[in-house]
>>> print(open('protein.csv').read())   # CSV, C-alpha atoms
chain,number,residue,atom,x,y,z
A,26,MET,CA,-7.7,-12.8,-25.9
A,27,ARG,CA,-7.3,-15.0,-29.0
A,28,LEU,CA,-4.4,-17.0,-27.6
A,29,HIS,CA,-6.0,-17.4,-24.2
A,30,LEU,CA,-9.0,-19.0,-25.8
A,31,LEU,CA,-6.8,-21.3,-27.9
A,32,ALA,CA,-5.0,-22.4,-24.7
A,33,LEU,CA,-8.3,-23.3,-23.0
A,34,LEU,CA,-9.5,-25.2,-26.1
A,35,LYS,CA,-6.2,-27.1,-26.2
A,36,LYS,CA,-7.4,-28.8,-23.0
A,37,GLU,CA,-10.8,-29.7,-24.2
A,38,PRO,CA,-13.5,-28.5,-26.7
A,39,ALA,CA,-15.9,-26.0,-25.2
A,40,HIS,CA,-18.7,-23.6,-26.1
A,41,GLY,CA,-18.4,-19.8,-25.6
A,42,TYR,CA,-20.0,-19.6,-22.2
A,43,GLU,CA,-17.8,-22.3,-20.8
A,44,LEU,CA,-14.8,-20.4,-22.0
A,45,LYS,CA,-16.0,-17.3,-20.2
A,46,GLN,CA,-16.5,-19.2,-17.0
A,47,ALA,CA,-13.1,-20.9,-17.2
A,48,LEU,CA,-11.4,-17.5,-17.5
A,49,GLU,CA,-13.3,-16.0,-14.6
A,50,GLN,CA,-12.7,-19.0,-12.4
A,51,THR,CA,-9.0,-19.1,-13.1
A,52,PHE,CA,-8.1,-15.5,-12.8
A,53,GLY,CA,-10.6,-14.2,-10.3
A,54,GLN,CA,-12.2,-10.8,-10.2
A,55,ALA,CA,-8.9,-9.0,-10.9
A,56,TYR,CA,-9.0,-10.2,-14.5
A,57,PRO,CA,-10.8,-7.8,-16.8
A,58,SER,CA,-13.7,-10.0,-17.4
A,59,PRO,CA,-14.5,-10.5,-21.1
A,60,ASN,CA,-18.1,-10.2,-22.0
A,61,ILE,CA,-19.7,-13.1,-23.9
A,62,GLY,CA,-20.1,-11.0,-27.0
A,63,GLN,CA,-16.4,-10.4,-27.2
A,64,ILE,CA,-15.8,-14.1,-26.8
A,65,TYR,CA,-18.1,-15.1,-29.7
A,66,VAL,CA,-16.6,-12.4,-31.9
A,67,THR,CA,-13.1,-13.8,-31.2
A,68,LEU,CA,-14.2,-17.4,-31.7
A,69,ASN,CA,-15.7,-16.4,-35.1
A,70,ARG,CA,-12.4,-14.8,-36.2
A,71,LEU,CA,-10.4,-17.8,-35.0
A,72,GLU,CA,-12.7,-20.0,-37.0
A,73,LYS,CA,-12.3,-17.8,-40.1
A,74,ASP,CA,-8.5,-18.0,-39.7
A,75,GLY,CA,-8.7,-21.8,-39.5
A,76,LEU,CA,-7.4,-22.0,-35.9
A,77,VAL,CA,-10.6,-23.5,-34.5
A,78,ARG,CA,-13.5,-25.3,-35.9
A,79,SER,CA,-17.0,-25.7,-34.5
A,80,VAL,CA,-19.7,-28.4,-34.5
A,81,ASP,CA,-23.4,-27.8,-33.7
A,82,VAL,CA,-24.6,-29.9,-30.8
A,83,GLU,CA,-28.3,-30.5,-30.4
A,84,GLN,CA,-29.9,-29.7,-27.1
A,85,SER,CA,-33.4,-30.7,-26.1
A,86,ASN,CA,-35.8,-27.7,-25.7
A,87,ARG,CA,-33.0,-25.3,-26.5
A,88,PRO,CA,-31.3,-24.0,-29.6
A,89,ASN,CA,-28.2,-25.9,-30.8
A,90,LYS,CA,-25.0,-24.9,-29.2
A,91,LYS,CA,-21.7,-24.5,-31.0
A,92,VAL,CA,-18.8,-26.4,-29.5
A,93,TYR,CA,-15.4,-25.3,-30.6
A,94,TYR,CA,-12.2,-27.3,-30.9
A,95,LEU,CA,-8.6,-26.6,-31.8
A,96,THR,CA,-7.3,-27.3,-35.3
A,97,ALA,CA,-3.7,-28.5,-36.0
A,98,LYS,CA,-3.0,-24.9,-37.2
A,99,GLY,CA,-4.4,-23.5,-34.0
A,100,SER,CA,-2.2,-25.8,-32.0
A,101,GLU,CA,0.8,-24.6,-33.9
A,102,VAL,CA,0.0,-20.9,-33.3
A,103,LEU,CA,-0.5,-21.7,-29.6
A,104,GLU,CA,2.8,-23.5,-29.3
A,105,GLU,CA,4.6,-20.6,-30.9
A,106,TRP,CA,3.0,-18.2,-28.4
A,107,ILE,CA,3.9,-20.3,-25.4
A,108,ASP,CA,7.5,-20.8,-26.7
A,109,SER,CA,8.3,-17.2,-27.5
A,110,PRO,CA,9.5,-14.8,-24.8
A,111,THR,CA,7.0,-12.2,-23.6
A,112,GLU,CA,7.5,-8.4,-24.0
A,113,GLY,CA,9.9,-6.9,-21.3
A,114,PRO,CA,9.6,-3.6,-19.4
A,115,ARG,CA,8.7,-0.5,-21.3
A,116,VAL,CA,11.5,1.7,-22.5
A,117,ARG,CA,9.2,4.1,-24.2
A,118,ASP,CA,7.1,5.5,-21.4
A,119,GLU,CA,4.3,7.9,-22.2
A,120,PHE,CA,4.5,9.7,-18.9
A,121,PHE,CA,8.3,10.1,-19.2
A,122,MET,CA,7.7,11.7,-22.6
A,123,LYS,CA,5.3,14.2,-21.1
A,124,LEU,CA,7.6,14.8,-18.2
A,125,VAL,CA,10.6,15.7,-20.4
A,126,LEU,CA,8.7,17.7,-22.9
A,127,ALA,CA,6.3,19.5,-20.6
A,128,PRO,CA,8.6,22.4,-19.5
A,129,MET,CA,8.9,23.4,-23.2
A,130,THR,CA,5.1,23.7,-23.6
A,131,GLY,CA,4.6,26.0,-20.7
A,132,ILE,CA,1.4,24.1,-19.9
A,133,ALA,CA,2.6,22.4,-16.7
A,134,ASP,CA,5.8,22.1,-14.7
A,135,ARG,CA,7.5,18.9,-13.8
A,136,MET,CA,6.7,19.0,-10.1
A,137,GLN,CA,3.1,19.3,-10.9
A,138,LEU,CA,3.1,16.5,-13.4
A,139,ILE,CA,4.9,14.2,-11.0
A,140,ASN,CA,2.6,15.0,-8.1
A,141,ARG,CA,-0.4,14.4,-10.2
A,142,GLN,CA,0.9,11.1,-11.5
A,143,ARG,CA,1.8,9.9,-8.0
A,144,ARG,CA,-1.8,10.6,-6.8
A,145,HIS,CA,-3.0,8.6,-9.8
A,146,TYR,CA,-0.8,5.7,-8.9
A,147,LEU,CA,-1.7,5.8,-5.3
A,148,LYS,CA,-5.4,5.6,-6.2
A,149,LEU,CA,-4.8,2.6,-8.4
A,150,MET,CA,-2.9,1.0,-5.5
A,151,ARG,CA,-5.9,1.7,-3.2
A,152,ASP,CA,-8.1,-0.1,-5.7
A,153,LEU,CA,-5.7,-3.0,-5.8
A,154,ASN,CA,-5.6,-3.2,-2.0
A,155,ARG,CA,-9.4,-3.5,-2.0
A,156,LEU,CA,-9.3,-6.1,-4.7
A,157,ALA,CA,-6.7,-8.1,-2.8
A,158,ALA,CA,-8.8,-7.9,0.4
A,159,THR,CA,-11.9,-9.3,-1.5
A,160,THR,CA,-10.1,-12.0,-3.5
A,161,ASP,CA,-10.3,-15.6,-2.4
A,162,PRO,CA,-7.0,-16.4,-0.6
A,163,GLN,CA,-7.2,-19.9,-2.0
A,164,ASN,CA,-7.0,-18.6,-5.6
A,165,LYS,CA,-3.3,-18.4,-6.1
A,166,VAL,CA,-3.5,-17.3,-9.7
A,167,ALA,CA,-5.8,-14.3,-8.9
A,168,ARG,CA,-3.6,-13.4,-5.9
A,169,LEU,CA,-0.4,-13.4,-8.0
A,170,LEU,CA,-2.0,-11.4,-10.7
A,171,ILE,CA,-2.8,-8.7,-8.1
A,172,GLU,CA,0.6,-8.9,-6.5
A,173,GLY,CA,2.3,-8.5,-9.8
A,174,ALA,CA,0.2,-5.4,-10.6
A,175,MET,CA,1.2,-4.0,-7.1
A,176,LEU,CA,4.9,-4.6,-7.7
A,177,HIS,CA,4.7,-2.9,-11.0
A,178,LEU,CA,3.0,0.1,-9.4
A,179,GLN,CA,5.6,0.2,-6.6
A,180,ALA,CA,8.4,0.3,-9.2
A,181,ASP,CA,6.6,3.1,-11.1
A,182,LEU,CA,6.3,5.1,-7.8
A,183,ASP,CA,10.0,4.5,-6.9
A,184,TRP,CA,11.0,5.7,-10.4
A,185,LEU,CA,8.7,8.8,-10.1
A,186,GLU,CA,10.6,9.6,-6.9
A,187,ARG,CA,13.9,9.4,-8.8
A,188,CYS,CA,12.5,11.7,-11.5
A,189,GLN,CA,11.5,14.1,-8.8
A,190,GLU,CA,14.9,14.1,-7.2
A,191,ASP,CA,16.8,14.6,-10.4
A,192,LEU,CA,14.5,16.6,-12.7
A,193,THR,CA,12.8,19.2,-10.5
B,5,MET,CA,-5.6,23.8,27.1
B,6,THR,CA,-6.9,20.7,25.3
B,7,SER,CA,-10.0,21.4,23.3
B,8,ALA,CA,-12.1,18.9,21.2
B,9,ALA,CA,-11.7,21.0,18.1
B,10,ALA,CA,-7.9,21.1,18.2
B,11,PRO,CA,-6.1,19.0,15.6
B,12,VAL,CA,-4.2,16.0,17.0
B,13,VAL,CA,-1.0,17.2,15.4
B,14,ARG,CA,0.0,20.7,14.2
B,15,THR,CA,3.4,22.0,13.3
B,16,VAL,CA,4.2,25.5,12.5
B,17,ASN,CA,7.3,26.3,10.3
B,18,LEU,CA,9.1,23.3,11.8
B,19,VAL,CA,12.8,23.2,11.2
B,20,LYS,CA,15.6,20.8,12.0
B,21,ILE,CA,19.2,21.5,11.2
B,22,TYR,CA,21.9,19.0,12.2
B,23,GLN,CA,25.4,20.0,12.7
B,24,ASN,CA,27.9,17.9,10.8
B,25,GLY,CA,31.4,18.8,11.9
B,26,GLY,CA,30.4,22.4,12.2
B,27,VAL,CA,28.5,22.4,8.9
B,28,PRO,CA,24.8,23.0,9.3
B,29,VAL,CA,22.8,20.3,7.4
B,30,PRO,CA,19.1,21.2,7.1
B,31,ALA,CA,16.9,18.0,7.3
B,32,VAL,CA,13.5,19.6,7.8
B,33,ARG,CA,12.9,23.1,6.3
B,34,GLY,CA,9.7,24.8,7.4
B,35,VAL,CA,7.0,22.2,7.6
B,36,ASP,CA,3.5,23.2,8.3
B,37,LEU,CA,1.4,20.1,8.9
B,38,THR,CA,-2.0,19.6,10.5
B,39,VAL,CA,-3.5,16.2,11.2
B,40,GLU,CA,-7.1,16.1,12.4
B,41,GLU,CA,-8.6,13.5,14.7
B,42,GLY,CA,-9.2,10.2,13.0
B,43,GLU,CA,-7.0,11.0,9.9
B,44,PHE,CA,-4.5,8.6,8.5
B,45,VAL,CA,-1.6,10.5,6.9
B,46,ALA,CA,1.3,8.8,5.1
B,47,ILE,CA,4.6,10.6,4.5
B,48,MET,CA,6.6,9.6,1.5
B,49,GLY,CA,9.8,10.9,-0.2
B,50,PRO,CA,13.3,9.8,-1.1
B,51,SER,CA,15.8,8.8,1.5
B,52,GLY,CA,17.3,11.9,3.0
B,53,SER,CA,14.2,14.0,2.4
B,54,GLY,CA,13.6,14.4,6.1
B,55,LYS,CA,10.7,12.0,6.7
B,56,SER,CA,12.2,10.1,9.6
B,57,THR,CA,13.5,13.3,11.2
B,58,LEU,CA,10.0,14.8,11.0
B,59,ILE,CA,8.2,11.8,12.6
B,60,HIS,CA,10.8,11.6,15.3
B,61,MET,CA,10.2,15.2,16.2
B,62,LEU,CA,6.5,14.6,16.3
B,63,GLY,CA,7.1,11.9,18.9
B,64,GLY,CA,9.6,13.9,20.9
B,65,LEU,CA,12.4,11.6,20.0
B,66,ASP,CA,14.4,14.4,18.3
B,67,THR,CA,14.5,18.1,19.2
B,68,ARG,CA,13.4,20.8,16.8
B,69,THR,CA,15.8,23.6,15.7
B,70,GLY,CA,12.9,26.0,15.1
B,71,GLY,CA,9.2,26.3,14.8
B,72,GLU,CA,6.4,24.8,16.9
B,73,ILE,CA,4.8,21.4,17.5
B,74,TRP,CA,1.3,21.1,19.0
B,75,LEU,CA,-0.3,17.9,20.1
B,76,ASP,CA,-4.0,17.9,20.9
B,77,GLY,CA,-4.0,21.7,21.3
B,78,THR,CA,-1.0,21.7,23.6
B,79,ARG,CA,2.4,23.1,22.7
B,80,VAL,CA,4.9,20.3,23.2
B,81,ASP,CA,8.2,21.4,21.5
B,82,THR,CA,9.1,23.3,24.6
B,83,LEU,CA,8.7,20.3,26.9
B,84,SER,CA,11.5,18.7,28.9
B,85,GLU,CA,12.6,15.2,28.1
B,86,SER,CA,10.8,13.8,31.1
B,87,ALA,CA,7.6,15.6,30.3
B,88,TRP,CA,7.9,14.1,26.8
B,89,ALA,CA,8.3,10.7,28.3
B,90,VAL,CA,5.0,11.1,30.2
B,91,LEU,CA,3.2,12.5,27.2
B,92,ARG,CA,4.4,9.6,25.0
B,93,ARG,CA,3.2,7.1,27.6
B,94,LYS,CA,-0.2,8.7,27.7
B,95,LYS,CA,-0.9,9.7,24.2
B,96,ILE,CA,1.5,8.3,21.6
B,97,GLY,CA,2.3,4.9,20.2
B,98,PHE,CA,5.5,4.7,18.2
B,99,VAL,CA,6.7,2.0,15.9
B,100,PHE,CA,10.4,2.3,15.2
B,101,GLN,CA,12.1,1.1,12.1
B,102,PHE,CA,14.3,-1.2,14.2
B,103,PHE,CA,11.6,-2.3,16.6
B,104,ASN,CA,13.2,-1.2,20.0
B,105,LEU,CA,11.7,-4.1,21.9
B,106,VAL,CA,12.8,-4.8,25.4
B,107,ALA,CA,15.2,-7.7,25.0
B,108,ASN,CA,14.8,-9.4,28.4
B,109,MET,CA,11.0,-9.4,28.4
B,110,THR,CA,8.6,-11.8,26.6
B,111,VAL,CA,6.6,-10.7,23.6
B,112,ALA,CA,3.5,-10.7,25.8
B,113,ASP,CA,5.1,-8.5,28.4
B,114,ASN,CA,6.5,-6.2,25.7
B,115,VAL,CA,3.0,-5.6,24.4
B,116,GLU,CA,1.3,-5.3,27.8
B,117,LEU,CA,3.9,-2.9,29.2
B,118,PRO,CA,2.6,0.4,27.7
B,119,ALA,CA,-0.9,-0.2,28.8
B,120,LEU,CA,0.2,-1.1,32.4
B,121,LEU,CA,2.4,2.0,32.5
B,122,ALA,CA,-0.5,4.1,31.4
B,123,GLY,CA,-2.6,2.7,34.3
B,124,ALA,CA,-4.7,0.0,32.7
B,125,SER,CA,-5.6,-3.0,34.9
B,126,ALA,CA,-3.6,-6.2,34.4
B,127,ARG,CA,-6.7,-7.9,33.1
B,128,GLU,CA,-7.4,-5.1,30.6
B,129,ALA,CA,-3.8,-5.1,29.4
B,130,ARG,CA,-3.9,-8.8,28.9
B,131,ARG,CA,-7.2,-8.8,27.0
B,132,ARG,CA,-5.8,-6.1,24.6
B,133,ARG,CA,-2.5,-7.9,24.2
B,134,GLU,CA,-4.3,-11.2,23.2
B,135,GLU,CA,-6.5,-9.3,20.7
B,136,LEU,CA,-3.6,-7.6,19.0
B,137,LEU,CA,-1.3,-10.6,18.9
B,138,ASP,CA,-4.1,-12.6,17.4
B,139,ALA,CA,-4.8,-10.0,14.7
B,140,LEU,CA,-1.1,-10.1,13.8
B,141,GLY,CA,-0.9,-13.9,13.7
B,142,LEU,CA,1.5,-13.9,16.7
B,143,THR,CA,-0.5,-15.7,19.4
B,144,GLY,CA,1.9,-18.7,19.3
B,145,ARG,CA,4.9,-16.4,20.0
B,146,ALA,CA,3.5,-14.7,23.2
B,147,ASP,CA,6.1,-16.4,25.5
B,148,ALA,CA,9.1,-16.0,23.2
B,149,ALA,CA,11.9,-13.5,23.7
B,150,PRO,CA,12.3,-10.8,21.0
B,151,ALA,CA,15.7,-12.3,20.0
B,152,GLN,CA,13.9,-15.6,19.1
B,153,LEU,CA,11.7,-13.8,16.5
B,154,SER,CA,12.3,-13.1,12.9
B,155,GLY,CA,12.6,-9.4,11.8
B,156,GLY,CA,9.1,-9.5,10.5
B,157,GLU,CA,7.7,-10.9,13.7
B,158,GLN,CA,9.6,-8.3,15.8
B,159,GLN,CA,8.1,-5.6,13.6
B,160,ARG,CA,4.6,-6.8,14.2
B,161,VAL,CA,5.2,-7.1,17.9
B,162,ALA,CA,6.4,-3.5,17.8
B,163,LEU,CA,3.1,-2.5,16.1
B,164,ALA,CA,1.1,-4.4,18.7
B,165,ARG,CA,3.0,-2.7,21.5
B,166,ALA,CA,2.3,0.7,20.0
B,167,LEU,CA,-1.4,0.0,19.7
B,168,ALA,CA,-1.8,-1.6,23.1
B,169,ASN,CA,-2.5,1.7,24.8
B,170,GLN,CA,-5.1,2.8,22.2
B,171,PRO,CA,-3.0,5.9,21.9
B,172,ARG,CA,-4.4,9.3,20.8
B,173,LEU,CA,-1.7,9.2,18.0
B,174,LEU,CA,0.0,6.3,16.3
B,175,LEU,CA,3.4,7.2,14.8
B,176,ALA,CA,5.3,4.7,12.7
B,177,ASP,CA,8.6,4.8,10.8
B,178,GLU,CA,8.5,2.2,7.9
B,179,PRO,CA,6.2,-0.2,9.7
B,180,THR,CA,6.4,-2.8,6.9
B,181,GLY,CA,10.1,-2.2,6.1
B,182,ASN,CA,11.1,-5.7,7.1
B,183,LEU,CA,8.1,-7.7,6.2
B,184,ASP,CA,7.4,-10.0,3.3
B,185,SER,CA,4.2,-9.8,1.4
B,186,ARG,CA,2.1,-12.0,3.6
B,187,ASN,CA,3.1,-10.3,6.9
B,188,THR,CA,2.6,-6.9,5.2
B,189,ASN,CA,-1.0,-8.1,4.6
B,190,ASP,CA,-1.5,-8.6,8.4
B,191,VAL,CA,-0.1,-5.1,9.1
B,192,LEU,CA,-2.3,-3.5,6.4
B,193,ARG,CA,-5.4,-5.2,7.7
B,194,LEU,CA,-4.7,-4.1,11.3
B,195,LEU,CA,-3.9,-0.6,10.3
B,196,GLY,CA,-7.2,-0.5,8.3
B,197,GLU,CA,-9.1,-1.8,11.3
B,198,VAL,CA,-7.8,0.6,13.9
B,199,HIS,CA,-8.2,3.5,11.4
B,200,ALA,CA,-11.8,2.5,10.8
B,201,LYS,CA,-12.4,2.7,14.5
B,202,GLY,CA,-11.0,6.2,14.6
B,203,GLN,CA,-7.3,5.8,15.3
B,204,THR,CA,-5.3,8.8,14.2
B,205,ILE,CA,-2.2,7.6,12.3
B,206,VAL,CA,0.9,9.4,10.9
B,207,LEU,CA,3.5,7.1,9.3
B,208,VAL,CA,6.5,7.2,7.1
B,209,THR,CA,6.7,4.7,4.3
B,210,HIS,CA,8.2,3.7,1.0
B,211,ASP,CA,5.6,1.0,0.6
B,212,ALA,CA,2.9,2.2,-1.8
B,213,ARG,CA,0.5,-0.4,-0.4
B,214,VAL,CA,0.7,1.2,3.0
B,215,ALA,CA,0.5,4.7,1.7
B,216,ALA,CA,-2.6,3.8,-0.3
B,217,MET,CA,-4.4,2.9,2.9
B,218,ALA,CA,-4.1,6.5,4.1
B,219,ASP,CA,-6.5,9.4,3.6
B,220,ARG,CA,-3.7,11.8,2.8
B,221,VAL,CA,-0.3,11.2,1.3
B,222,ILE,CA,2.3,13.9,1.9
B,223,ASN,CA,5.5,14.0,-0.2
B,224,LEU,CA,8.7,15.4,1.2
B,225,LEU,CA,11.6,16.6,-0.9
B,226,ASP,CA,14.7,18.2,0.6
B,227,GLY,CA,12.9,18.8,3.9
B,228,GLN,CA,9.9,20.5,2.5
B,229,ILE,CA,6.3,19.4,1.6
B,230,VAL,CA,6.0,19.3,-2.1
B,231,ASP,CA,2.6,17.6,-2.3
B,232,ASP,CA,-0.3,17.0,0.1
B,233,ALA,CA,-2.7,14.7,-1.7
B,234,ASP,CA,-6.1,13.7,-0.5
B,235,ILE,CA,-6.6,10.2,-1.8
B,236,THR,CA,-9.8,9.3,0.0
B,237,PRO,CA,-11.9,7.3,-2.3
B,238,ARG,CA,-15.0,9.0,-3.7
B,239,ARG,CA,-18.2,7.0,-3.8
B,240,SER,CA,-18.9,7.0,-7.4
B,241,ARG,CA,-15.5,6.0,-8.7
B,242,SER,CA,-15.3,3.7,-11.7
B,243,ARG,CA,-14.1,0.3,-10.9
B,244,GLY,CA,-12.2,0.1,-14.1
B,245,SER,CA,-9.0,1.7,-13.0
B,246,ALA,CA,-7.2,-1.1,-11.2
B,247,TRP,CA,-8.2,-3.5,-13.9
B,248,ASP,CA,-6.6,-1.3,-16.5
B,249,VAL,CA,-3.3,-1.5,-14.6
B,250,ILE,CA,-3.5,-5.3,-14.6
B,251,GLU,CA,-4.3,-5.3,-18.2
B,252,LEU,CA,-1.6,-2.8,-19.0
B,253,HIS,CA,1.1,-4.7,-17.2
B,254,GLY,CA,-0.2,-8.2,-17.5
>>> encode(input="protein.csv", output="structure tokens")
Amino acid sequence: MRLHLLALLKKEPAHGYELKQALEQTFGQAYPSPNIGQIYVTLNRLEKDGLVRSVDVEQSNRPNKKVYYLTAKGSEVLEEWIDSPTEGPRVRDEFFMKLVLAPMTGIADRMQLINRQRRHYLKLMRDLNRLAATTDPQNKVARLLIEGAMLHLQADLDWLERCQEDLT
Amino acid sequence: MTSAAAPVVRTVNLVKIYQNGGVPVPAVRGVDLTVEEGEFVAIMGPSGSGKSTLIHMLGGLDTRTGGEIWLDGTRVDTLSESAWAVLRRKKIGFVFQFFNLVANMTVADNVELPALLAGASAREARRRREELLDALGLTGRADAAPAQLSGGEQQRVALARALANQPRLLLADEPTGNLDSRNTNDVLRLLGEVHAKGQTIVLVTHDARVAAMADRVINLLDGQIVDDADITPRRSRSRGSAWDVIELHG
């Protein structure tokens, strides 16, 4: 979450709660919503590392609030993140390791493992269907996030089918 | 013969063997399948696993080599072609992979036809057609000919036609095979709605979004059922799971 917060602070200084709201509004309910505690812990670390700095702003009838802003170093780190390519598809796949090694263990056979994994994926897809149905159609970012997860799951299921054809 | 307790679909040791230049090619090898009233069953599996053959046999569009097929408590695998035609008209809605719309009729007439053939009044058939075309975002295409429609539109018209009759059993072969993501949403929504109202559905699909709408997902491999999974959601499921996927892949 560090870099996500830096990106939001690049736009304008903000306090912790504003950052939480900005994340929720942008990504919708599909995004694993950070709790406010996590956000403050992250902001503290960013400050310690010199990537952000904070100022106390006085409020009437309430405790002061801390407003965070990006430092030049924070800006550099952010730029580097934006400019570097993001991790591609997984070559090391935990399930595939299991699938290949399982027959040697005598604990489960491949057919059983594949069937169980498929059921798991289908249940995840069911959750995503529900999430898609309850997501604001105007929120393009949230819709694309869900659609991406669905496409990944479809690919995982197609690949599972290939494993079932060739390995059982 | 028909009893309320009988499953909508039951097959016993169902077998289909094609002859390919004198060489027997088994497509379906001993399938026992029971589908209760109101159930939504999705059939998945690699191409060549026998999915389409199975669903075609359930709709009487292909003959069985061995075994039995029962619909609504009546044995049907022994029926003549004409008896099957009557049965389909009365009880089955079928969505084909390649639509099979009547080319020289408008979209509206295509959708109304099954209801009219089954004896519905013109008014009732029209009402139902309007409802279905609306649900599938096709109201504006009612007077078009099938050839003027895109593949996705034709697929949705085919679904509307299959549902026009409120059939006892809806069978579909890859009902979203030709649809983009937005049109798939319309089909998913409609399937969910009719299923919630008690429609029994058996369909073949590659699309995990469609399969995930079902109560049960059956997996075929080499003409045999290798998994029959109940994926009905339980009430106390944690909501974390889908979020984890997003986080994992995001």
>>> atom_distance(input="protein.csv", atom1="atom CA of His145 of chain A", atom2="atom CA of Thr209 of chain B")
17.6 Å
>>> interface_residues(input="protein.csv", of="chain A", to="chain B", cutoff="7 Å", atoms="all atoms listed in the file", output="MDAnalysis selection string")
chainID A and resid 55:57 140 144 147:154 174 179 186
>>> atom_distance(input="protein.csv", atom1="atom CA of Thr57 of chain B", atom2="atom CA of Cys188 of chain A")
22.8 Å
>>> closest_residue(input="protein.csv", among="A:Gln142, A:Gln54, A:Gln46, A:Gln84", to="Ala158 of chain A", atoms="only C-alpha atoms")
A:Gln54
>>> closest_residue(input="protein.csv", among="B:Ala89, B:Asn108, B:Val39, B:Val16", to="Gly71 of chain B", atoms="all atoms listed in the file")
B:Val16
>>> closest_residue(input="protein.csv", among="B:Glu41, B:Glu178, B:Glu157, B:Glu116", to="Lys55 of chain B", atoms="all atoms listed in the file")
B:Glu178
>>> residues_around(input="protein.csv", residues="Gln101 of chain B", least_positions_apart="3", cutoff="10 Å", atoms="all atoms listed in the file", output="list in words")
Ser56, Phe98, Asn104, Gln159, Ala162, Ala176, Asp177, Glu178, Pro179, Thr180, Gly181, Asn182 and Val208 of chain B
>>> atom_distance(input="protein.csv", atom1="atom CA of Leu18 of chain B", atom2="atom CA of Asp36 of chain B")
6.6 Å
>>> residues_around(input="protein.csv", residues="Gly41 of chain A", least_positions_apart="2", cutoff="12 Å", atoms="all atoms listed in the file", output="list in words")
Leu30, Leu31, Leu33, Leu34, Pro38, Ala39, Glu43, Leu44, Lys45, Gln46, Ala47, Leu48, Pro59, Asn60, Ile61, Gly62, Gln63, Ile64, Tyr65, Val66, Thr67, Leu68, Asn69, Ser79, Lys90, Lys91, Val92, Tyr93 and Tyr94 of chain A
>>> residues_near_point(input="protein.csv", point="(0.3, -5.4, 13.7)", cutoff="7 Å", atoms="only C-alpha atoms", output="PyMOL selection string")
chain B and resi 136+139-140+160-161+163-164+190-191+194
>>> write_last_selection(input="protein.csv", atoms="C-alpha atoms", output="mmCIF file, in the coordinates of the input")
data_model
loop_
_atom_site.group_PDB
_atom_site.id
_atom_site.type_symbol
_atom_site.label_atom_id
_atom_site.label_comp_id
_atom_site.auth_asym_id
_atom_site.auth_seq_id
_atom_site.Cartn_x
_atom_site.Cartn_y
_atom_site.Cartn_z
ATOM 1 C CA LEU B 136 -3.600 -7.600 19.000
ATOM 2 C CA ALA B 139 -4.800 -10.000 14.700
ATOM 3 C CA LEU B 140 -1.100 -10.100 13.800
ATOM 4 C CA ARG B 160 4.600 -6.800 14.200
ATOM 5 C CA VAL B 161 5.200 -7.100 17.900
ATOM 6 C CA LEU B 163 3.100 -2.500 16.100
ATOM 7 C CA ALA B 164 1.100 -4.400 18.700
ATOM 8 C CA ASP B 190 -1.500 -8.600 8.400
ATOM 9 C CA VAL B 191 -0.100 -5.100 9.100
ATOM 10 C CA LEU B 194 -4.700 -4.100 11.300
#
>>> build_atoms(input="protein.csv", residues="segment 116-126 of chain B", atoms="N, CA and C atoms", output="PDB file, in the coordinates of the input")
ATOM      1  N   GLU B 116       2.171  -5.719  26.684  1.00  0.00           N
ATOM      2  CA  GLU B 116       1.300  -5.300  27.800  1.00  0.00           C
ATOM      3  C   GLU B 116       1.906  -4.038  28.510  1.00  0.00           C
ATOM      4  N   LEU B 117       3.226  -3.908  28.445  1.00  0.00           N
ATOM      5  CA  LEU B 117       3.900  -2.900  29.200  1.00  0.00           C
ATOM      6  C   LEU B 117       3.313  -1.457  29.071  1.00  0.00           C
ATOM      7  N   PRO B 118       3.128  -0.960  27.837  1.00  0.00           N
ATOM      8  CA  PRO B 118       2.600   0.400  27.700  1.00  0.00           C
ATOM      9  C   PRO B 118       1.284   0.626  28.367  1.00  0.00           C
ATOM     10  N   ALA B 119       0.405  -0.360  28.237  1.00  0.00           N
ATOM     11  CA  ALA B 119      -0.900  -0.200  28.800  1.00  0.00           C
ATOM     12  C   ALA B 119      -0.798  -0.184  30.357  1.00  0.00           C
ATOM     13  N   LEU B 120       0.065  -1.043  30.900  1.00  0.00           N
ATOM     14  CA  LEU B 120       0.200  -1.100  32.400  1.00  0.00           C
ATOM     15  C   LEU B 120       0.842   0.238  32.860  1.00  0.00           C
ATOM     16  N   LEU B 121       1.824   0.741  32.119  1.00  0.00           N
ATOM     17  CA  LEU B 121       2.400   2.000  32.500  1.00  0.00           C
ATOM     18  C   LEU B 121       1.429   3.151  32.485  1.00  0.00           C
ATOM     19  N   ALA B 122       0.480   3.047  31.575  1.00  0.00           N
ATOM     20  CA  ALA B 122      -0.500   4.100  31.400  1.00  0.00           C
ATOM     21  C   ALA B 122      -1.652   3.938  32.438  1.00  0.00           C
ATOM     22  N   GLY B 123      -1.589   2.871  33.244  1.00  0.00           N
ATOM     23  CA  GLY B 123      -2.600   2.700  34.300  1.00  0.00           C
ATOM     24  C   GLY B 123      -3.711   1.762  34.056  1.00  0.00           C
ATOM     25  N   ALA B 124      -3.620   0.976  32.958  1.00  0.00           N
ATOM     26  CA  ALA B 124      -4.700   0.000  32.700  1.00  0.00           C
ATOM     27  C   ALA B 124      -4.551  -1.154  33.715  1.00  0.00           C
ATOM     28  N   SER B 125      -5.660  -1.840  33.981  1.00  0.00           N
ATOM     29  CA  SER B 125      -5.600  -3.000  34.900  1.00  0.00           C
ATOM     30  C   SER B 125      -4.898  -4.137  34.177  1.00  0.00           C
ATOM     31  N   ALA B 126      -4.348  -5.068  34.979  1.00  0.00           N
ATOM     32  CA  ALA B 126      -3.600  -6.200  34.400  1.00  0.00           C
ATOM     33  C   ALA B 126      -4.531  -6.990  33.470  1.00  0.00           C
TER      34      ALA B 126
END
